[in-house]
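What follows is a short report on a single structure.
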Amino acid sequence: MLLARILEEKLSSLYRAGAIKGGVFLGRGQEALSVSVGSHLRKGDIFAPLIRDQAGRMAFGDTVLDTLRTYLGSQLGSMRGRDGNIHRGRPREGYHAMISHLGAMIPLVAGALLARRMKGETGVVGATCLGDGGTSTGAFHEGLNAAAVEKLPLVLVIANNQYAYSTPGSRQFACANLIDKAAGYGVAAHQVDGTDLNECLRVLGEAVQAARNGGGPQFVVGNLLRLVGHGEHDDASYVDTALKESPLGRDCLEVCEEFLVEKDWATTKEIADWRVEAKTEVDDTTTKVQREPSPDPAEEDWTALSERRFAEELSEA
């Protein structure tokens with residue numbers, strides 16, 4: 001969580017300095033929920049993160065190096081400097097590049113899980129994340145409905161961060177609570193305080209295990225507040241002050257640090273040292289990546305098809 005926070009603070013700084021092309025969307029306030037998803041998945045599982053899932057991405061195996069390479073357009077990154085900065089992934093390793101934050105990853109993960117089943121693979125879990133606004137989309141309905149009918153081991157994590165961009169939840173859905181939606185699909189529902197890492201780890205652990213044991217799709221709602229704008233271009237002036245001052249507005253990183261100190265699992269000095277270590281790693285990696293080459297379309301031998309021969313056959317036809 002701390003490393004993701006420090007890394008995203010650097011991304012914000014780079015964006016404002018004009019060093020990043022495209023948008024920057026931060027997960028400040030959502031790290032506890034996100035990291036709990038990635039932490040409970042294992043090698044062989046499927047993860048399709050959202051735009052605010054830097055902490056979850058890193059828990060699943062993403063690195064500071066590849067993150068910065070993608071944001072800064074390095075030719076050496078996993079996306080070779082060719083895609084939007086939040087669309088990075090390694091599909092062969094079960095780490096899917098994000099298509100959209102509006103529910104499109106639900107049918108993608110459902111399809112990947114169905115493919116694994118058809119290959120005879122068992123014990124696999126697929127997880128993806130969504131914001132509260134995304135539950136209003138057609139892809140959400142179609143994907144979750146298909147996963148429920150097929151009883152797929154899908155863990156769908158909803159970050160109920162109170163706003164779909166600038167639209168409050170009261171204008172997004174009429175049900176009293178987002179978990180009420182789960183009943184209509186016949187899937188198990190879980191709810192958690194998204195500002196409390198300890199609780200997020202417990203609830204996500206139960207959901208992932210239930211899916212792995214044949215319990216079908218698991219619908220997890222984490223209640224929290226996005227502590228930044230929709231993106232770095234947005235000042236979030238529309239956020240209700242009462243929400244900021246409510247328990248939903250707690251900073252999950254501060255809550256976690258207080259918990260560690262209270263349990264005597266870490267001292268304030270140790271936490272401060274971790275912060276210095278994280279900042280050093282991020283700063284040193286940024287310097288390294290800024291010296292790396294960008295893609296050159298005049299020199300690169302690249303094709304969108306899986307093998308060069310397919311591209312050659314197509315051009316000849």
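Please note that chains go A, B, ... in the order of the structure tokens, that every chain numbers its residues from 1, and that ligands are numbered from 1 in the order shown.
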Could you tell me, as a count of residues only, which residues of region 24-262 of chain A DSSP assigns to alpha helix (DSSP H) when given the backbone? 87
Applying 10 Å and only C-alpha atoms, which residues near Arg5 (chain A) remain after dropping the ones on its own chain fewer than 5 positions away? List them as a list in words.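 Counting only C-alpha atoms, the residues come to Lys10, Leu11, Leu26, Gly27, Arg28, Gly29, Glu31, Gln54, Ala55, Leu253, Arg275, Ala278 and Lys279 of chain A.
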Closest contacts (region 144-163 of chain A/region 187-202 of chain A, max 10 Å, only C-alpha atoms) as a tab-separated table:
residue	atom	partner	partner_atom	distance
A:Leu144	CA	A:Val187	CA	9.0
A:Asn145	CA	A:Val187	CA	9.3
A:Ala147	CA	A:Val187	CA	9.3
A:Ala148	CA	A:Val187	CA	6.4
A:Val149	CA	A:Val187	CA	9.5
A:Lys151	CA	A:Val187	CA	8.7
A:Val155	CA	A:Ala188	CA	9.8
A:Leu156	CA	A:Ala189	CA	9.8
A:Val157	CA	A:His190	CA	9.4
A:Ile158	CA	A:Gln191	CA	9.5
A:Ala159	CA	A:Gly194	CA	7.7
A:Asn160	CA	A:Gly194	CA	8.5
A:Asn161	CA	A:Gly194	CA	9.0
Considering only C-alpha atoms, return as a ChimeraX atom specification whatever protein or nucleic-acid residues lie within 10 Å of Leu113 (chain A), sequence-local ones (same chain, fewer than 5 positions apart) excluded. /A:45-46,107-108,118-119,121-122,124-127,147,150,152-154
Rank nothing, just name the residue among A:Thr167, A:Thr280, A:Thr63, A:Thr128 nearest to Leu50 (chain A), using only C-alpha atoms.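 Smallest separation from Leu50 (chain A) among the options: A:Thr128.
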Taking the DSSP secondary structure from the backbone, can you list the residues of region 81-294 of chain A that are strand (DSSP E or B), as an MDAnalysis selection string? chainID A and resid 90 95 126:131 154:160 163:164 167:168 188:193 218:223
Written selection (N, CA and C atoms) as a compact mmCIF listing (two decimals), in the first residue's frame:
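Listed below is the output, out_36.txt:
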# COMPACT_ATOMS: atom_id res chain seq x y z
N ARG A 90 0.02 -8.54 -18.59
CA ARG A 90 0.75 -9.69 -19.13
C ARG A 90 -0.25 -10.86 -19.18
N TYR A 95 -2.56 -11.75 -15.96
CA TYR A 95 -2.67 -10.34 -15.59
C TYR A 95 -3.15 -9.57 -16.81
N GLY A 126 -10.79 -16.00 -10.73
CA GLY A 126 -10.63 -14.79 -11.53
C GLY A 126 -11.23 -13.62 -10.77
N ALA A 127 -10.48 -12.54 -10.66
CA ALA A 127 -10.97 -11.37 -9.93
C ALA A 127 -10.89 -10.13 -10.81
N THR A 128 -11.89 -9.28 -10.67
CA THR A 128 -11.85 -7.99 -11.33
C THR A 128 -12.53 -6.96 -10.44
N CYS A 129 -12.26 -5.71 -10.71
CA CYS A 129 -12.74 -4.63 -9.86
C CYS A 129 -13.58 -3.65 -10.67
N LEU A 130 -14.40 -2.90 -9.97
CA LEU A 130 -15.32 -1.98 -10.61
C LEU A 130 -15.67 -0.86 -9.62
N GLY A 131 -16.01 0.31 -10.15
CA GLY A 131 -16.52 1.37 -9.31
C GLY A 131 -18.02 1.26 -9.19
N LEU A 154 -15.67 -16.37 -10.03
CA LEU A 154 -15.39 -14.96 -10.25
C LEU A 154 -15.57 -14.18 -8.95
N VAL A 155 -14.59 -13.36 -8.61
CA VAL A 155 -14.71 -12.45 -7.47
C VAL A 155 -14.80 -11.04 -8.05
N LEU A 156 -15.96 -10.43 -7.89
CA LEU A 156 -16.19 -9.09 -8.40
C LEU A 156 -16.15 -8.11 -7.23
N VAL A 157 -15.19 -7.20 -7.25
CA VAL A 157 -14.98 -6.27 -6.14
C VAL A 157 -15.45 -4.87 -6.56
N ILE A 158 -16.43 -4.36 -5.84
CA ILE A 158 -16.97 -3.04 -6.14
C ILE A 158 -16.42 -2.02 -5.14
N ALA A 159 -15.67 -1.06 -5.66
CA ALA A 159 -15.21 0.04 -4.80
C ALA A 159 -16.31 1.10 -4.79
N ASN A 160 -17.13 1.06 -3.76
CA ASN A 160 -18.23 2.02 -3.65
C ASN A 160 -17.66 3.32 -3.10
N TYR A 163 -18.95 8.21 -5.76
CA TYR A 163 -19.16 9.03 -6.95
C TYR A 163 -18.77 8.27 -8.21
N ALA A 164 -19.61 8.35 -9.24
CA ALA A 164 -19.27 7.88 -10.58
C ALA A 164 -18.80 9.12 -11.33
N THR A 167 -20.96 12.08 -10.37
CA THR A 167 -22.35 11.74 -10.10
C THR A 167 -22.46 10.96 -8.80
N PRO A 168 -23.19 11.45 -7.80
CA PRO A 168 -23.31 10.74 -6.51
C PRO A 168 -24.12 9.45 -6.65
N ALA A 188 -23.35 -14.82 -4.08
CA ALA A 188 -23.04 -14.50 -2.69
C ALA A 188 -22.57 -13.06 -2.56
N ALA A 189 -22.98 -12.39 -1.49
CA ALA A 189 -22.64 -10.98 -1.29
C ALA A 189 -21.84 -10.78 -0.01
N HIS A 190 -20.89 -9.87 -0.07
CA HIS A 190 -20.05 -9.51 1.08
C HIS A 190 -19.93 -8.00 1.10
N GLN A 191 -19.81 -7.43 2.30
CA GLN A 191 -19.64 -6.00 2.44
C GLN A 191 -18.53 -5.73 3.44
N VAL A 192 -17.73 -4.68 3.20
CA VAL A 192 -16.60 -4.41 4.07
C VAL A 192 -16.31 -2.91 4.13
N ASP A 193 -15.76 -2.49 5.25
CA ASP A 193 -15.27 -1.12 5.41
C ASP A 193 -13.98 -1.02 4.60
N GLN A 218 -18.61 -14.30 -6.38
CA GLN A 218 -18.67 -13.61 -5.10
C GLN A 218 -18.70 -12.11 -5.37
N PHE A 219 -19.65 -11.43 -4.78
CA PHE A 219 -19.90 -10.01 -5.00
C PHE A 219 -19.47 -9.26 -3.74
N VAL A 220 -18.39 -8.49 -3.83
CA VAL A 220 -17.83 -7.81 -2.66
C VAL A 220 -17.94 -6.30 -2.82
N VAL A 221 -18.56 -5.65 -1.86
CA VAL A 221 -18.69 -4.19 -1.89
C VAL A 221 -17.82 -3.59 -0.79
N GLY A 222 -16.88 -2.74 -1.18
CA GLY A 222 -16.06 -2.03 -0.21
C GLY A 222 -16.50 -0.58 -0.14
N ASN A 223 -16.95 -0.15 1.02
CA ASN A 223 -17.44 1.22 1.19
C ASN A 223 -16.30 2.14 1.62
Would you compute the distance between CA of Leu68 (chain A) and CA of Thr286 (chain A)? Give it in Å to one decimal.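 Rounded to one decimal, the two atoms are 6.6 Å apart.
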List as a compact mmCIF listing (two decimals) with C-alpha atoms, in the first residue's frame the protein and nucleic acid residues near Met98 (chain A), meaning an atom at most 10 Å away when only C-alpha atoms are counted, but skip any in the same chain fewer than 4 places from it.
# COMPACT_ATOMS: atom_id res chain seq x y z
CA PHE A 47 -6.66 -10.60 -12.32
CA ALA A 48 -8.20 -7.75 -14.31
CA PRO A 49 -7.58 -4.54 -12.31
CA LEU A 50 -9.29 -1.17 -12.50
CA ILE A 51 -7.74 2.27 -13.00
CA GLY A 84 -2.40 3.98 -22.87
CA ILE A 86 -3.31 2.24 -17.56
CA HIS A 87 -3.78 -0.57 -20.08
CA ARG A 88 -0.70 -2.55 -19.16
CA GLY A 89 -0.75 -6.26 -18.45
CA ALA A 104 -16.03 -4.59 -19.71
CA MET A 105 -13.59 -6.69 -17.71
CA LEU A 108 -13.60 -10.89 -20.18
CA THR A 128 -11.85 -7.99 -11.33
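Interatomic distance, CA of Gly94 (chain A) against CA of Phe310 (chain A): 24.4 Å.
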I need the residue nearest Gly81 (chain A) from this list: A:Leu102, A:Ile20, A:Ala210, A:Val203. Use only C-alpha atoms for the distance.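 With only C-alpha atoms as the atom set, the closest residue is A:Ile20.
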